[in-house]
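Printed here is target_2.csv (CSV, C-alpha atoms):
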```csv
chain,number,residue,atom,x,y,z
N,1,MET,CA,0.0,0.0,0.0
N,2,SER,CA,1.4,3.4,-0.9
N,3,ASP,CA,0.1,4.9,2.3
N,4,ASP,CA,2.6,3.0,4.3
N,5,ILE,CA,5.4,5.5,3.6
N,6,ILE,CA,3.6,8.3,5.4
N,7,LEU,CA,4.7,8.3,9.0
N,8,PRO,CA,4.0,11.2,11.4
N,9,SER,CA,6.9,12.7,13.3
N,10,ALA,CA,5.4,12.0,16.7
N,11,THR,CA,8.0,11.1,19.3
N,12,SER,CA,5.5,9.9,21.8
N,13,MET,CA,3.9,6.9,20.1
N,14,SER,CA,2.1,6.2,23.3
N,15,THR,CA,1.1,2.6,23.3
N,16,LEU,CA,-0.1,2.0,19.8
N,17,THR,CA,2.3,0.4,17.4
N,18,ILE,CA,2.3,0.2,13.6
N,19,SER,CA,0.7,-3.2,13.6
N,20,ASP,CA,-2.3,-2.1,15.8
N,21,VAL,CA,-5.4,-1.9,13.7
N,22,SER,CA,-8.7,-0.5,14.9
N,23,ARG,CA,-11.5,-3.0,14.7
N,24,THR,CA,-14.2,-0.4,14.3
N,25,GLY,CA,-12.4,1.7,11.8
N,26,PHE,CA,-12.4,4.7,14.2
N,27,GLY,CA,-9.6,5.9,16.3
N,28,TYR,CA,-6.3,7.6,15.3
N,29,ASN,CA,-3.1,5.7,15.5
N,30,PRO,CA,-0.1,8.0,15.6
N,31,SER,CA,2.2,5.3,14.5
N,32,VAL,CA,0.3,4.8,11.3
N,33,GLY,CA,-1.0,8.3,10.6
N,34,THR,CA,-4.0,9.2,8.5
N,35,ALA,CA,-4.3,5.8,7.0
N,36,SER,CA,-5.3,4.5,10.4
N,37,ASN,CA,-8.6,6.4,10.6
N,38,SER,CA,-9.4,7.2,7.0
N,39,ILE,CA,-13.0,7.0,6.2
N,40,THR,CA,-14.0,3.7,4.4
N,41,SER,CA,-17.3,2.9,2.9
N,42,GLU,CA,-18.3,1.1,6.1
N,43,THR,CA,-17.6,4.1,8.4
N,44,SER,CA,-19.0,6.5,5.8
N,45,ASN,CA,-22.2,4.6,6.1
N,46,ILE,CA,-22.2,4.8,9.9
N,47,LEU,CA,-21.6,8.5,9.8
N,48,LEU,CA,-24.3,9.2,7.2
N,49,ASN,CA,-27.0,7.2,8.9
N,50,ARG,CA,-26.0,8.3,12.4
N,51,LYS,CA,-26.0,4.7,13.6
N,52,THR,CA,-25.3,4.5,17.3
N,53,ILE,CA,-22.3,2.2,17.7
N,54,SER,CA,-20.4,1.2,20.7
N,55,LEU,CA,-16.8,1.9,20.1
N,56,THR,CA,-15.5,1.7,23.6
N,57,PRO,CA,-17.1,0.3,26.8
N,58,THR,CA,-17.9,3.9,27.8
N,59,SER,CA,-19.4,5.0,24.5
N,60,ALA,CA,-22.9,5.1,25.8
N,61,ASN,CA,-22.0,7.5,28.6
N,62,SER,CA,-19.1,9.3,27.1
N,63,ILE,CA,-17.7,12.7,28.1
N,64,TYR,CA,-18.0,13.7,24.5
N,65,ASP,CA,-21.8,13.7,24.8
N,66,LYS,CA,-21.9,15.8,27.9
N,67,ASN,CA,-22.1,19.5,28.0
N,68,VAL,CA,-19.0,20.9,29.9
N,69,SER,CA,-19.5,24.5,28.9
N,70,SER,CA,-22.6,25.3,30.9
N,71,LYS,CA,-22.3,28.3,33.1
N,72,LYS,CA,-24.1,26.7,36.0
N,73,ILE,CA,-21.8,26.5,39.0
N,74,THR,CA,-21.3,23.0,40.3
N,75,GLU,CA,-20.3,23.0,43.9
N,76,ILE,CA,-18.7,20.2,45.8
N,77,SER,CA,-18.6,19.8,49.6
N,78,LEU,CA,-15.8,21.7,51.2
N,79,SER,CA,-15.3,19.1,53.9
N,80,SER,CA,-14.8,16.2,51.4
N,81,LEU,CA,-12.4,18.4,49.4
N,82,SER,CA,-10.5,19.1,52.7
N,83,PHE,CA,-10.3,15.4,53.6
N,84,LEU,CA,-9.1,14.6,50.1
N,85,PHE,CA,-6.5,17.3,50.1
N,86,CYS,CA,-5.4,16.2,53.6
N,87,GLU,CA,-4.8,12.7,52.2
N,88,ILE,CA,-3.0,14.2,49.2
N,89,VAL,CA,-0.6,16.1,51.5
N,90,ASN,CA,-0.2,13.1,53.7
N,91,TRP,CA,0.6,10.8,50.8
N,92,SER,CA,3.0,13.3,49.3
N,93,HIS,CA,4.6,13.8,52.6
N,94,LYS,CA,5.2,10.1,53.1
N,95,ASN,CA,7.0,9.9,49.7
N,96,SER,CA,9.0,13.1,50.0
N,97,LYS,CA,12.5,13.6,51.3
N,98,GLY,CA,12.0,17.0,52.8
N,99,ILE,CA,9.9,20.1,52.9
N,100,GLN,CA,11.2,21.4,49.6
N,101,ASP,CA,10.5,18.1,48.0
N,102,LEU,CA,7.0,18.0,49.5
N,103,GLU,CA,6.2,21.4,48.0
N,104,THR,CA,7.5,20.4,44.6
N,105,ARG,CA,5.3,17.3,44.7
N,106,LEU,CA,2.2,19.4,45.6
N,107,ASN,CA,3.1,21.8,42.9
N,108,GLY,CA,3.3,19.0,40.3
N,109,LEU,CA,-0.1,17.7,41.2
N,110,GLY,CA,-1.6,21.2,40.8
N,111,TYR,CA,0.2,21.7,37.5
N,112,GLN,CA,-2.0,19.3,35.6
N,113,ILE,CA,-5.2,20.9,37.0
N,114,GLY,CA,-4.0,24.3,35.9
N,115,GLN,CA,-3.4,23.1,32.3
N,116,ARG,CA,-7.0,21.7,32.2
N,117,PHE,CA,-8.8,24.5,33.9
N,118,LEU,CA,-7.1,27.1,31.6
N,119,GLU,CA,-8.8,25.6,28.6
N,120,LEU,CA,-12.0,24.8,30.4
N,121,THR,CA,-12.4,28.3,31.7
N,122,LYS,CA,-11.8,29.8,28.3
N,123,LEU,CA,-14.3,27.4,26.8
N,124,ARG,CA,-16.9,28.4,29.4
N,125,GLU,CA,-16.4,32.1,28.8
N,126,GLY,CA,-17.6,31.4,25.3
N,127,PHE,CA,-16.1,32.6,22.1
N,128,LYS,CA,-18.2,35.7,21.5
N,129,ASN,CA,-17.2,37.5,24.7
N,130,SER,CA,-13.8,36.1,25.2
N,131,LYS,CA,-10.4,36.5,23.7
N,132,ARG,CA,-7.0,34.8,23.8
N,133,GLU,CA,-4.7,36.3,26.4
N,134,ILE,CA,-1.5,37.4,24.8
N,135,ARG,CA,-0.1,40.0,27.3
N,136,ILE,CA,1.4,39.3,30.7
N,137,ILE,CA,-0.8,41.7,32.5
N,138,GLU,CA,-4.0,40.5,30.8
N,139,VAL,CA,-3.3,36.8,31.5
N,140,LEU,CA,-2.6,37.7,35.1
N,141,GLN,CA,-5.9,39.5,35.4
N,142,PHE,CA,-7.6,36.5,33.8
N,143,ILE,CA,-6.0,34.1,36.4
N,144,HIS,CA,-6.8,36.5,39.2
N,145,GLY,CA,-10.3,37.0,38.0
N,146,SER,CA,-12.4,34.4,36.1
N,147,PHE,CA,-9.9,31.6,36.4
N,148,TRP,CA,-9.8,31.8,40.2
N,149,LYS,CA,-13.5,32.2,40.2
N,150,SER,CA,-14.1,29.0,38.2
N,151,ILE,CA,-11.9,27.0,40.6
N,152,PHE,CA,-12.5,28.5,44.0
N,153,GLY,CA,-15.8,30.3,43.6
N,154,ARG,CA,-14.4,33.8,44.0
N,155,ALA,CA,-11.7,36.0,42.6
N,156,ALA,CA,-8.4,36.3,44.4
N,157,ASN,CA,-7.9,39.2,46.7
N,158,ASP,CA,-5.1,41.1,45.2
N,159,LEU,CA,-2.8,41.3,42.2
N,160,GLU,CA,0.4,43.2,42.6
N,161,LYS,CA,3.5,43.9,40.7
N,162,SER,CA,6.9,43.7,42.4
N,163,GLN,CA,8.5,47.1,42.8
N,164,ASP,CA,12.0,45.9,42.6
N,165,VAL,CA,12.0,43.1,40.0
N,166,SER,CA,10.3,43.7,36.7
N,167,ASN,CA,9.4,40.1,36.0
N,168,GLU,CA,7.8,39.4,39.3
N,169,TYR,CA,4.1,39.6,40.1
N,170,MET,CA,2.1,38.5,43.1
N,171,ILE,CA,-1.4,37.1,43.4
N,172,ILE,CA,-2.6,37.3,47.0
N,173,ASP,CA,-5.4,35.2,48.5
N,174,ASN,CA,-6.4,36.0,52.1
N,175,ALA,CA,-7.8,32.6,52.8
N,176,PRO,CA,-6.7,29.9,50.3
N,177,LEU,CA,-9.4,27.3,50.0
N,178,VAL,CA,-7.3,24.2,50.2
N,179,SER,CA,-5.3,25.2,53.3
N,180,ARG,CA,-8.3,26.5,55.3
N,181,PHE,CA,-8.1,23.7,57.8
N,182,ILE,CA,-4.4,23.2,57.7
N,183,SER,CA,-2.0,24.4,60.4
N,184,ILE,CA,1.7,23.9,60.0
N,185,PRO,CA,3.6,22.4,62.9
N,186,LYS,CA,6.5,24.7,64.1
N,187,ASP,CA,9.3,22.3,63.0
N,188,TYR,CA,8.0,22.4,59.4
N,189,GLY,CA,9.3,25.9,59.0
N,190,ASN,CA,7.9,27.7,56.1
N,191,LEU,CA,6.0,24.9,54.5
N,192,ASN,CA,2.9,26.1,52.8
N,193,CYS,CA,0.4,23.6,51.4
N,194,SER,CA,-0.9,26.2,49.0
N,195,ALA,CA,2.1,25.1,46.9
N,196,PHE,CA,-0.7,23.0,45.3
N,197,MET,CA,-2.4,26.2,44.2
N,198,ALA,CA,0.8,27.7,43.1
N,199,GLY,CA,1.1,24.6,40.9
N,200,ILE,CA,-2.3,25.3,39.4
N,201,ILE,CA,-1.2,28.8,38.5
N,202,GLU,CA,2.1,27.6,37.1
N,203,GLY,CA,0.3,25.0,34.9
N,204,ALA,CA,-2.1,27.5,33.5
N,205,LEU,CA,0.6,30.1,32.8
N,206,ASP,CA,3.0,27.5,31.2
N,207,SER,CA,0.4,26.1,28.9
N,208,ALA,CA,-0.6,29.6,27.8
N,209,SER,CA,3.1,29.9,27.0
N,210,PHE,CA,3.8,32.4,29.7
N,211,GLN,CA,6.6,30.4,31.3
N,212,ALA,CA,6.9,31.1,35.0
N,213,ASP,CA,7.9,29.8,38.3
N,214,VAL,CA,5.2,30.1,40.9
N,215,THR,CA,5.8,29.7,44.7
N,216,ALA,CA,3.5,30.1,47.6
N,217,HIS,CA,4.6,32.1,50.7
N,218,SER,CA,2.7,32.6,53.9
N,219,VAL,CA,2.4,36.2,54.8
N,220,PRO,CA,-0.2,36.4,57.7
N,221,VAL,CA,-1.8,39.6,58.6
N,222,ASP,CA,-4.3,40.5,61.4
N,223,GLY,CA,-7.5,38.6,60.8
N,224,TYR,CA,-6.1,36.5,58.0
N,225,PRO,CA,-3.7,33.9,59.5
N,226,SER,CA,-3.5,31.8,56.3
N,227,ARG,CA,-3.0,34.7,53.9
N,228,THR,CA,-0.8,33.5,51.1
N,229,VAL,CA,1.2,35.3,48.5
N,230,PHE,CA,1.7,33.5,45.2
N,231,LEU,CA,4.9,34.8,43.8
N,232,ILE,CA,5.0,34.6,40.0
N,233,LYS,CA,8.4,34.9,38.4
N,234,PHE,CA,8.3,35.0,34.6
N,235,HIS,CA,11.2,33.9,32.6
N,236,GLU,CA,13.4,36.5,31.1
N,237,SER,CA,12.7,35.5,27.5
N,238,LEU,CA,9.1,36.4,28.1
N,239,MET,CA,9.9,40.0,29.0
N,240,VAL,CA,11.9,40.2,25.7
N,241,ARG,CA,8.9,38.9,23.8
N,242,GLU,CA,6.6,41.4,25.5
N,243,SER,CA,8.8,44.3,24.8
N,244,LEU,CA,9.3,43.3,21.2
N,245,ARG,CA,5.6,42.9,20.6
N,246,PHE,CA,4.1,45.7,22.6
N,247,GLY,CA,7.1,47.7,23.7
B,1,MET,CA,-16.4,17.2,-3.8
B,2,SER,CA,-13.4,18.6,-2.0
B,3,SER,CA,-11.1,16.8,0.4
B,4,TYR,CA,-9.9,18.1,3.7
B,5,TYR,CA,-6.9,17.3,5.9
B,6,PHE,CA,-7.4,18.3,9.5
B,7,SER,CA,-4.7,18.0,12.2
B,8,ILE,CA,-4.2,19.0,15.8
B,9,ILE,CA,-0.7,20.1,16.7
B,10,GLY,CA,0.5,20.2,20.2
B,11,THR,CA,2.7,22.7,22.0
B,12,ARG,CA,5.9,21.0,21.0
B,13,ASP,CA,4.9,21.0,17.3
B,14,ASN,CA,4.0,17.4,17.6
B,15,PRO,CA,0.9,16.0,15.9
B,16,LEU,CA,-1.9,14.9,18.3
B,17,TYR,CA,-4.5,13.9,15.8
B,18,GLU,CA,-4.9,13.8,12.0
B,19,VAL,CA,-7.8,12.9,9.8
B,20,GLU,CA,-8.5,13.0,6.1
B,21,PHE,CA,-12.0,13.3,4.7
B,22,SER,CA,-14.0,14.9,2.0
B,23,SER,CA,-17.1,16.9,2.1
B,24,PHE,CA,-20.2,14.9,2.8
B,25,LYS,CA,-22.3,17.5,1.0
B,26,SER,CA,-21.6,16.2,-2.5
B,27,SER,CA,-24.0,17.3,-5.1
B,28,SER,CA,-22.7,14.9,-7.7
B,29,SER,CA,-24.0,11.7,-6.2
B,30,SER,CA,-23.2,10.0,-9.4
B,31,SER,CA,-19.7,9.1,-8.3
B,32,SER,CA,-19.3,5.5,-7.2
B,33,THR,CA,-17.4,6.2,-4.0
B,34,PRO,CA,-19.4,6.8,-0.8
B,35,PRO,CA,-19.3,10.3,0.6
B,36,GLY,CA,-16.6,11.2,3.1
B,37,ILE,CA,-13.7,9.2,1.6
B,38,SER,CA,-10.8,11.6,1.0
B,39,GLN,CA,-10.0,12.2,-2.7
B,40,PHE,CA,-6.5,13.4,-2.3
B,41,THR,CA,-4.1,12.0,-4.8
B,42,ASP,CA,-1.1,10.1,-3.4
B,43,SER,CA,1.3,12.9,-4.3
B,44,VAL,CA,-0.9,15.5,-2.4
B,45,LYS,CA,-1.3,13.2,0.5
B,46,GLU,CA,2.4,13.1,1.0
B,47,ILE,CA,2.8,16.8,1.3
B,48,LEU,CA,-0.2,17.6,3.4
B,49,PRO,CA,1.6,17.2,6.8
B,50,PHE,CA,4.4,19.3,5.4
B,51,VAL,CA,2.1,22.0,4.3
B,52,SER,CA,0.3,22.2,7.6
B,53,ASN,CA,3.5,22.1,9.6
B,54,SER,CA,5.2,24.7,7.5
B,55,SER,CA,2.4,27.1,8.4
B,56,LEU,CA,3.3,26.8,12.1
B,57,ASP,CA,5.7,29.7,11.8
B,58,LEU,CA,3.0,31.9,10.5
B,59,ILE,CA,0.7,30.7,13.2
B,60,GLU,CA,3.2,31.5,15.9
B,61,ASP,CA,3.6,35.0,14.5
B,62,ALA,CA,-0.1,35.6,14.4
B,63,GLN,CA,-0.5,34.1,17.8
B,64,TRP,CA,1.1,37.1,19.5
B,65,SER,CA,-0.3,39.7,17.2
B,66,THR,CA,-4.0,39.0,17.5
B,67,SER,CA,-6.1,37.9,20.4
B,68,GLN,CA,-8.5,36.0,18.3
B,69,PHE,CA,-8.8,32.2,18.7
B,70,ASN,CA,-9.7,31.8,15.1
B,71,LEU,CA,-6.8,32.9,12.9
B,72,GLY,CA,-8.7,32.3,9.7
B,73,ARG,CA,-6.8,31.7,6.5
B,74,ILE,CA,-3.1,32.0,7.2
B,75,ASP,CA,-1.4,30.3,4.3
B,76,SER,CA,-1.8,28.8,0.9
B,77,PHE,CA,0.4,26.5,-1.1
B,78,TYR,CA,-0.3,25.9,-4.8
B,79,GLY,CA,-4.0,25.9,-4.4
B,80,LEU,CA,-4.0,24.3,-0.9
B,81,LEU,CA,-5.6,26.6,1.6
B,82,VAL,CA,-4.6,26.5,5.2
B,83,TYR,CA,-6.9,27.6,7.9
B,84,ALA,CA,-5.9,27.7,11.6
B,85,PHE,CA,-7.3,28.0,15.0
B,86,ILE,CA,-5.3,28.3,18.3
B,87,THR,CA,-6.5,27.6,21.8
B,88,GLN,CA,-5.5,29.4,24.9
B,89,GLY,CA,-3.4,26.4,25.8
B,90,ASN,CA,-1.4,26.7,22.6
B,91,ILE,CA,-2.9,23.8,20.8
B,92,LYS,CA,-3.2,24.4,17.1
B,93,PHE,CA,-6.0,23.2,14.9
B,94,ILE,CA,-5.1,23.2,11.2
B,95,LEU,CA,-7.4,22.6,8.3
B,96,CYS,CA,-5.9,22.1,4.8
B,97,PHE,CA,-8.0,21.8,1.6
B,98,GLU,CA,-7.9,22.4,-2.1
B,99,SER,CA,-9.2,25.8,-3.1
B,100,SER,CA,-11.1,24.7,-6.2
B,101,THR,CA,-12.4,21.5,-7.7
B,102,THR,CA,-11.4,20.6,-11.1
B,103,ASN,CA,-14.0,17.9,-11.6
B,104,ASN,CA,-16.1,19.9,-14.0
B,105,GLY,CA,-13.3,22.2,-15.1
B,106,ASN,CA,-15.0,25.5,-14.4
B,107,VAL,CA,-16.6,24.9,-11.0
B,108,THR,CA,-15.0,26.9,-8.2
B,109,GLN,CA,-16.5,26.2,-4.9
B,110,LYS,CA,-17.1,28.9,-2.4
B,111,TYR,CA,-16.0,28.2,1.1
B,112,ASP,CA,-18.0,29.4,3.9
B,113,GLU,CA,-15.5,30.8,6.4
B,114,ASN,CA,-18.2,30.8,9.0
B,115,SER,CA,-18.7,27.1,8.9
B,116,ILE,CA,-15.0,26.5,9.1
B,117,LYS,CA,-14.9,28.7,12.2
B,118,GLN,CA,-17.9,26.9,13.7
B,119,PHE,CA,-16.1,23.6,13.0
B,120,PHE,CA,-13.0,24.8,14.8
B,121,ILE,CA,-15.1,26.0,17.8
B,122,GLU,CA,-16.8,22.6,18.2
B,123,ILE,CA,-13.5,20.8,17.8
B,124,ASN,CA,-12.2,23.0,20.6
B,125,ASP,CA,-15.1,21.8,22.7
B,126,LEU,CA,-14.2,18.2,21.9
B,127,TYR,CA,-10.5,18.8,22.7
B,128,VAL,CA,-11.3,20.3,26.1
B,129,LYS,CA,-13.5,17.3,26.9
B,130,CYS,CA,-10.6,15.0,25.9
B,131,LEU,CA,-8.3,17.0,28.1
B,132,LEU,CA,-10.6,16.6,31.1
B,133,ASN,CA,-9.7,12.9,31.1
B,134,PRO,CA,-7.3,12.5,34.0
B,135,PHE,CA,-5.4,9.8,32.1
B,136,TYR,CA,-4.8,12.1,29.2
B,137,ALA,CA,-1.8,14.4,29.4
B,138,VAL,CA,-1.2,17.5,27.3
B,139,ASN,CA,0.6,16.7,24.1
B,140,ASP,CA,-0.3,13.0,24.1
B,141,ALA,CA,-1.8,11.7,20.8
B,142,ILE,CA,-5.5,11.5,20.9
B,143,THR,CA,-6.3,7.8,20.1
B,144,SER,CA,-9.8,7.6,21.4
B,145,PRO,CA,-12.2,6.1,18.8
B,146,ASP,CA,-15.1,8.2,20.3
B,147,PHE,CA,-13.1,11.4,19.7
B,148,ASP,CA,-12.5,10.2,16.1
B,149,LEU,CA,-16.2,9.5,15.6
B,150,LYS,CA,-17.2,12.9,16.9
B,151,VAL,CA,-14.7,14.8,14.8
B,152,LYS,CA,-16.0,13.0,11.7
B,153,LEU,CA,-19.6,13.8,12.6
B,154,LEU,CA,-18.6,17.5,12.9
B,155,ALA,CA,-16.9,17.2,9.6
B,156,LYS,CA,-20.1,15.9,8.1
B,157,LYS,CA,-22.1,18.6,9.8
B,158,TYR,CA,-20.0,21.7,8.8
B,159,LEU,CA,-17.8,20.9,5.8
```

Now that the file is in, can you turn its structure into structure tokens?
Amino acid sequence: MSDDIILPSATSMSTLTISDVSRTGFGYNPSVGTASNSITSETSNILLNRKTISLTPTSANSIYDKNVSSKKITEISLSSLSFLFCEIVNWSHKNSKGIQDLETRLNGLGYQIGQRFLELTKLREGFKNSKREIRIIEVLQFIHGSFWKSIFGRAANDLEKSQDVSNEYMIIDNAPLVSRFISIPKDYGNLNCSAFMAGIIEGALDSASFQADVTAHSVPVDGYPSRTVFLIKFHESLMVRESLRFG
Amino acid sequence: MSSYYFSIIGTRDNPLYEVEFSSFKSSSSSSSTPPGISQFTDSVKEILPFVSNSSLDLIEDAQWSTSQFNLGRIDSFYGLLVYAFITQGNIKFILCFESSTTNNGNVTQKYDENSIKQFFIEINDLYVKCLLNPFYAVNDAITSPDFDLKVKLLAKKYL
């Protein structure tokens, strides 16, 4: 077959190999390329007649049939979230070698959530009244505003720019949701479990290609003992891009 | 009956998903082939991934100069038109197709930019749903048969 010579340049071939053939005729195989899911007369017939077919065990109740863009706010119980997060911290703590490592682990767990919520929040805003964020200050306002709102139910308390360093910004939350019921023992020093939330911010910024390092720091004030400052340090290359484009 | 090549490109310029199909709205039903089967010749088939990947530079340039999701028509290559769409998470959707049909010699099809845009918007919806799967990581190839089916249904609906 002449199609065999076309190979995609994908490095991550996941688990499918060149000899895997879909039984149903649907499903993309990166090792084979477009020949793997090209429309045949059989699949064309299915598509035309809207036959319901069961491709996977979950086809009948697939995520693809659900509406994820509804504006209705779905709430979950705070106590179950807290218990879950408590176990997450516990589990990460058991595997970690120290406080720094624990924070890195929490950060990594949040990272994936950030990547997903970035796209989801943009989808929910709708295309008519939304735009792609291309400037640093706008993406920060988006994170501080609607992004925070879609995850935690309210906007963050403050967004500040560092006075000394040009590529540092701060998002401040007076009472971070995940660490509401967490108190840090004295011998754990400056551990802040909101590193998880810092990870969420980092994931969102990174995938929007605003590469940044985000860290969480406890800065308690009167009345807000768990007030947390998320320090966002953008990479230098980003400042160059910004000044070239909008300077 | 014009053919289309659609691909999703990840943040590391890696293909996540590709599909070839042709318009299901064929007026000339006299042809023996069932609708949907791509009509690209072998020589065009070969260059399709190259054409869409070579437009990535143009997409990257447009990415930081406009805040639109839909970039519209960004490139053309000897009669192949390239339309692109970019998500907030830097995933590019690229649609490649031939600008005119030569079946009847003088027929030039008009392309509805709106239906292409609508196609992209719905693909974005599907992509986000795929991303919500905790076992799917950003930049993995999308191998789900359900996703494939939905994309083809959208292709049938809009193109």

B:Asn124, B:Ser43, B:Asn133, B:Ser52: which is nearest Arg124 of chain N, counting only C-alpha atoms?
->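 Of B:Asn124, B:Ser43, B:Asn133, B:Ser52, the one nearest Arg124 of chain N is B:Asn124, counting only C-alpha atoms.
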
Option closest in space to chain N, from B:Ile116, B:Leu159, B:Ile74, B:Ile86 [counting only C-alpha atoms] =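 Among the listed residues, B:Ile86 lies closest to chain N.
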
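Atom CA of Gln112 of chain N is found 28.5 Å from atom CA of Leu58 of chain B.
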
Using only C-alpha atoms, find which residues of chain B lie within 8 Å of chain N and jot them down as a PyMOL selection string.
-> chain B and resi 14-21+33-38+42+46+49+63-69+87-90+121+124-126+128-132+137-138+140-150+152-153+156

Separation of atom CA of Ile94 of chain B and atom CA of Ile18 of chain N, in Å?
->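 It comes out at 24.3 Å.
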
What lies within 9 Å of Ala84 of chain B using all atoms listed in the file, ignoring chain neighbours under 4 positions off, as a ChimeraX atom specification?
-> /B:55,59,69-75,92-96,120

Identify which of the residues N:Thr52, N:Ile172, N:Tyr188, N:Ile201 lies closest to Phe142 of chain N, counting all atoms listed in the file when measuring atom-to-atom distances.
->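 Comparing N:Thr52, N:Ile172, N:Tyr188, N:Ile201 against Phe142 of chain N, the winner is N:Ile201.
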
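With all atoms listed in the file as the atoms that count, the residue of B:Tyr158, B:Tyr78, B:Ile91, B:Ile8 with the shortest distance to Asn114 of chain B is B:Tyr158.
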
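Atom CA of Ile200 of chain N lies 4.0 Å from atom CA of Gly114 of chain N.
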
Please work out which residues fall within 12 Å of (6.9, 28.4, 42.2), coordinates as given in the file, with all atoms listed in the file counting, and return them as a PyMOL selection string.
-> chain N and resi 100+103-108+110-111+168-170+192+194-203+205-206+211-217+229-235

Of the candidates B:Phe40, B:Tyr4, B:Phe24, B:Phe119, which one gets nearest to Phe85 of chain B if we count all atoms listed in the file?
->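 Closest to Phe85 of chain B of all the choices is B:Phe119.
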
Would you list the residues near (-6.4, 33.5, 56.3), meaning any protein, DNA or RNA residue with an atom at most 12 Å from that point in file coordinates, counting only C-alpha atoms, as a list of chain:residue names?
->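 Checking each residue against the 12 Å limit leaves N:Asn157, N:Ile172, N:Asp173, N:Asn174, N:Ala175, N:Pro176, N:Leu177, N:Val178, N:Ser179, N:Arg180, N:Phe181, N:Ile182, N:Ser183, N:Ser194, N:Ser218, N:Val219, N:Pro220, N:Val221, N:Asp222, N:Gly223, N:Tyr224, N:Pro225, N:Ser226, N:Arg227, N:Thr228, N:Val229.
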